[in-house]
Amino acid sequence: MSLSTKNKWILVIFSALSGFVNGFLGGGGGVIVVTLLLSAVKLNQKYAQATALLVILPLTVVSAAVYLLKGLVDWTPTLWVTLGVVVGGVLGALLLSKLKSNVAKIIFAVVLIAGGIKMLF
């Protein structure tokens, strides 16, 4: 895939925003990356979600290291949540690979809306 210089800069700028959001809020950067890949690069939903997961991984490791070095990690819930996230991540990735892109898009939108409503209340 070839990208114009303009699209490359759009990707860099919005990816920096994504990194900031993920580091500051502890999550959510992937939502920005998915939206960016859908609109600027025109990837289909499944590829955008899979790509976002891959690019968020190093960001998450770096952000986690900063929090760890500052002593802001409680290990008891971290270990249990890690177990659940690993199992859920594998199952989610396997399911995404089997879904049609339009179904993945609907599920993605519903989860974002539900999360937004939950955050308001």
# chains A, B, ... in the order shown; residues from 1 in each chain; ligands from 1
call {"tool": "residues_around", "arguments": {"residues": "region 75-91 of chain A", "least_positions_apart": "6", "cutoff": "12 Å", "atoms": "only C-alpha atoms", "output": "list in words"}}
result
Ala50, Leu53, Ala64, Leu68, Ser97 and Lys98 of chain A
call {"tool": "write_last_selection", "arguments": {"atoms": "N, CA, C and O atoms", "output": "PDB file, in the first residue's frame"}}
result
ATOM      1  N   ALA A  50      -7.300  -5.127  13.747  1.00  0.00           N
ATOM      2  CA  ALA A  50      -6.116  -5.964  13.951  1.00  0.00           C
ATOM      3  C   ALA A  50      -4.845  -5.120  13.942  1.00  0.00           C
ATOM      4  O   ALA A  50      -3.948  -5.316  14.774  1.00  0.00           O
ATOM      5  N   LEU A  53      -4.476  -3.137  17.197  1.00  0.00           N
ATOM      6  CA  LEU A  53      -3.967  -3.961  18.293  1.00  0.00           C
ATOM      7  C   LEU A  53      -2.450  -4.104  18.217  1.00  0.00           C
ATOM      8  O   LEU A  53      -1.751  -4.017  19.229  1.00  0.00           O
ATOM      9  N   ALA A  64       3.019   1.194  30.467  1.00  0.00           N
ATOM     10  CA  ALA A  64       3.020   0.342  31.664  1.00  0.00           C
ATOM     11  C   ALA A  64       4.356   0.438  32.393  1.00  0.00           C
ATOM     12  O   ALA A  64       4.398   0.479  33.627  1.00  0.00           O
ATOM     13  N   LEU A  68       4.892   1.477  36.182  1.00  0.00           N
ATOM     14  CA  LEU A  68       5.585   0.511  37.042  1.00  0.00           C
ATOM     15  C   LEU A  68       6.766   1.176  37.755  1.00  0.00           C
ATOM     16  O   LEU A  68       6.936   1.024  38.971  1.00  0.00           O
ATOM     17  N   SER A  97     -11.324 -12.819  13.368  1.00  0.00           N
ATOM     18  CA  SER A  97     -10.865 -13.397  12.099  1.00  0.00           C
ATOM     19  C   SER A  97     -11.978 -14.145  11.372  1.00  0.00           C
ATOM     20  O   SER A  97     -11.899 -14.352  10.174  1.00  0.00           O
ATOM     21  N   LYS A  98     -13.035 -14.517  12.093  1.00  0.00           N
ATOM     22  CA  LYS A  98     -14.141 -15.266  11.482  1.00  0.00           C
ATOM     23  C   LYS A  98     -15.327 -14.376  11.102  1.00  0.00           C
ATOM     24  O   LYS A  98     -16.193 -14.799  10.353  1.00  0.00           O
TER      25      LYS A  98
END
call {"tool": "closest_residue", "arguments": {"among": "A:Ala104, A:Leu43, A:Val55, A:Ala65", "to": "Met1 (chain A)", "atoms": "only C-alpha atoms"}}
result
A:Leu43
call {"tool": "select_by_dssp", "arguments": {"residues": "region 18-99 of chain A", "states": "helix (DSSP H, G or I)", "output": "PyMOL selection string"}}
result
chain A and resi 18-25+29-39+45-69+75-98
call {"tool": "residues_around", "arguments": {"residues": "Lys8 (chain A)", "least_positions_apart": "4", "cutoff": "12 Å", "atoms": "only C-alpha atoms", "output": "list in words"}}
result
Met1, Ser2, Leu3, Ser4, Val12, Ile13, Phe14, Ser15, Leu36, Leu37, Ala40 and Val41 of chain A
call {"tool": "residues_around", "arguments": {"residues": "region 20-35 of chain A", "least_positions_apart": "2", "cutoff": "10 Å", "atoms": "only C-alpha atoms", "output": "ChimeraX atom specification"}}
result
/A:11,14-18,37-57,59-60,62-64,66-67,108,112
call {"tool": "atom_distance", "arguments": {"atom1": "CA of Ile117 (chain A)", "atom2": "CA of Leu96 (chain A)"}}
result
24.1 Å
call {"tool": "decode", "arguments": {"residues": "region 76-97 of chain A", "atoms": "N, CA, C and O atoms", "output": "PDB file, in the first residue's frame"}}
result
ATOM      1  N   THR A  76      -1.732  -7.400  42.874  1.00  0.00           N
ATOM      2  CA  THR A  76      -2.769  -8.429  43.044  1.00  0.00           C
ATOM      3  C   THR A  76      -3.831  -8.358  41.946  1.00  0.00           C
ATOM      4  O   THR A  76      -4.042  -9.340  41.230  1.00  0.00           O
ATOM      5  N   PRO A  77      -4.491  -7.223  41.749  1.00  0.00           N
ATOM      6  CA  PRO A  77      -5.466  -7.199  40.646  1.00  0.00           C
ATOM      7  C   PRO A  77      -4.799  -7.289  39.280  1.00  0.00           C
ATOM      8  O   PRO A  77      -5.385  -7.847  38.341  1.00  0.00           O
ATOM      9  N   THR A  78      -3.574  -6.767  39.171  1.00  0.00           N
ATOM     10  CA  THR A  78      -2.884  -6.807  37.882  1.00  0.00           C
ATOM     11  C   THR A  78      -2.718  -8.234  37.384  1.00  0.00           C
ATOM     12  O   THR A  78      -2.955  -8.524  36.211  1.00  0.00           O
ATOM     13  N   LEU A  79      -2.311  -9.137  38.257  1.00  0.00           N
ATOM     14  CA  LEU A  79      -2.101 -10.529  37.840  1.00  0.00           C
ATOM     15  C   LEU A  79      -3.402 -11.190  37.402  1.00  0.00           C
ATOM     16  O   LEU A  79      -3.442 -11.898  36.393  1.00  0.00           O
ATOM     17  N   TRP A  80      -4.482 -10.948  38.148  1.00  0.00           N
ATOM     18  CA  TRP A  80      -5.768 -11.557  37.794  1.00  0.00           C
ATOM     19  C   TRP A  80      -6.353 -10.955  36.521  1.00  0.00           C
ATOM     20  O   TRP A  80      -6.883 -11.670  35.669  1.00  0.00           O
ATOM     21  N   VAL A  81      -6.228  -9.650  36.390  1.00  0.00           N
ATOM     22  CA  VAL A  81      -6.731  -9.002  35.178  1.00  0.00           C
ATOM     23  C   VAL A  81      -5.916  -9.447  33.962  1.00  0.00           C
ATOM     24  O   VAL A  81      -6.467  -9.684  32.885  1.00  0.00           O
ATOM     25  N   THR A  82      -4.605  -9.596  34.129  1.00  0.00           N
ATOM     26  CA  THR A  82      -3.754 -10.055  33.031  1.00  0.00           C
ATOM     27  C   THR A  82      -4.197 -11.431  32.539  1.00  0.00           C
ATOM     28  O   THR A  82      -4.279 -11.662  31.327  1.00  0.00           O
ATOM     29  N   LEU A  83      -4.495 -12.321  33.466  1.00  0.00           N
ATOM     30  CA  LEU A  83      -4.973 -13.649  33.081  1.00  0.00           C
ATOM     31  C   LEU A  83      -6.236 -13.544  32.225  1.00  0.00           C
ATOM     32  O   LEU A  83      -6.331 -14.139  31.152  1.00  0.00           O
ATOM     33  N   GLY A  84      -7.192 -12.754  32.687  1.00  0.00           N
ATOM     34  CA  GLY A  84      -8.440 -12.589  31.933  1.00  0.00           C
ATOM     35  C   GLY A  84      -8.237 -11.920  30.593  1.00  0.00           C
ATOM     36  O   GLY A  84      -8.829 -12.328  29.584  1.00  0.00           O
ATOM     37  N   VAL A  85      -7.390 -10.907  30.545  1.00  0.00           N
ATOM     38  CA  VAL A  85      -7.148 -10.180  29.302  1.00  0.00           C
ATOM     39  C   VAL A  85      -6.477 -11.077  28.260  1.00  0.00           C
ATOM     40  O   VAL A  85      -6.806 -11.027  27.074  1.00  0.00           O
ATOM     41  N   VAL A  86      -5.549 -11.911  28.697  1.00  0.00           N
ATOM     42  CA  VAL A  86      -4.871 -12.810  27.755  1.00  0.00           C
ATOM     43  C   VAL A  86      -5.866 -13.801  27.155  1.00  0.00           C
ATOM     44  O   VAL A  86      -5.932 -13.975  25.932  1.00  0.00           O
ATOM     45  N   VAL A  87      -6.670 -14.407  27.998  1.00  0.00           N
ATOM     46  CA  VAL A  87      -7.674 -15.365  27.507  1.00  0.00           C
ATOM     47  C   VAL A  87      -8.675 -14.658  26.588  1.00  0.00           C
ATOM     48  O   VAL A  87      -8.968 -15.113  25.482  1.00  0.00           O
ATOM     49  N   GLY A  88      -9.188 -13.516  27.048  1.00  0.00           N
ATOM     50  CA  GLY A  88     -10.157 -12.763  26.244  1.00  0.00           C
ATOM     51  C   GLY A  88      -9.564 -12.259  24.942  1.00  0.00           C
ATOM     52  O   GLY A  88     -10.232 -12.257  23.903  1.00  0.00           O
ATOM     53  N   GLY A  89      -8.303 -11.836  24.975  1.00  0.00           N
ATOM     54  CA  GLY A  89      -7.652 -11.349  23.764  1.00  0.00           C
ATOM     55  C   GLY A  89      -7.500 -12.419  22.700  1.00  0.00           C
ATOM     56  O   GLY A  89      -7.745 -12.179  21.520  1.00  0.00           O
ATOM     57  N   VAL A  90      -7.134 -13.611  23.127  1.00  0.00           N
ATOM     58  CA  VAL A  90      -7.005 -14.724  22.178  1.00  0.00           C
ATOM     59  C   VAL A  90      -8.374 -15.065  21.589  1.00  0.00           C
ATOM     60  O   VAL A  90      -8.526 -15.199  20.369  1.00  0.00           O
ATOM     61  N   LEU A  91      -9.380 -15.177  22.449  1.00  0.00           N
ATOM     62  CA  LEU A  91     -10.729 -15.498  21.963  1.00  0.00           C
ATOM     63  C   LEU A  91     -11.265 -14.404  21.043  1.00  0.00           C
ATOM     64  O   LEU A  91     -11.864 -14.688  20.002  1.00  0.00           O
ATOM     65  N   GLY A  92     -11.041 -13.132  21.416  1.00  0.00           N
ATOM     66  CA  GLY A  92     -11.499 -12.023  20.586  1.00  0.00           C
ATOM     67  C   GLY A  92     -10.824 -11.997  19.232  1.00  0.00           C
ATOM     68  O   GLY A  92     -11.474 -11.773  18.202  1.00  0.00           O
ATOM     69  N   ALA A  93      -9.516 -12.238  19.196  1.00  0.00           N
ATOM     70  CA  ALA A  93      -8.791 -12.249  17.923  1.00  0.00           C
ATOM     71  C   ALA A  93      -9.265 -13.388  17.033  1.00  0.00           C
ATOM     72  O   ALA A  93      -9.424 -13.224  15.824  1.00  0.00           O
ATOM     73  N   LEU A  94      -9.510 -14.543  17.631  1.00  0.00           N
ATOM     74  CA  LEU A  94     -10.020 -15.678  16.848  1.00  0.00           C
ATOM     75  C   LEU A  94     -11.410 -15.379  16.293  1.00  0.00           C
ATOM     76  O   LEU A  94     -11.702 -15.691  15.137  1.00  0.00           O
ATOM     77  N   LEU A  95     -12.261 -14.751  17.107  1.00  0.00           N
ATOM     78  CA  LEU A  95     -13.612 -14.411  16.645  1.00  0.00           C
ATOM     79  C   LEU A  95     -13.554 -13.354  15.552  1.00  0.00           C
ATOM     80  O   LEU A  95     -14.251 -13.479  14.537  1.00  0.00           O
ATOM     81  N   LEU A  96     -12.724 -12.323  15.719  1.00  0.00           N
ATOM     82  CA  LEU A  96     -12.622 -11.270  14.708  1.00  0.00           C
ATOM     83  C   LEU A  96     -12.221 -11.847  13.359  1.00  0.00           C
ATOM     84  O   LEU A  96     -12.740 -11.436  12.322  1.00  0.00           O
ATOM     85  N   SER A  97     -11.324 -12.819  13.368  1.00  0.00           N
ATOM     86  CA  SER A  97     -10.865 -13.397  12.099  1.00  0.00           C
ATOM     87  C   SER A  97     -11.978 -14.145  11.372  1.00  0.00           C
ATOM     88  O   SER A  97     -11.899 -14.352  10.174  1.00  0.00           O
TER      89      SER A  97
END
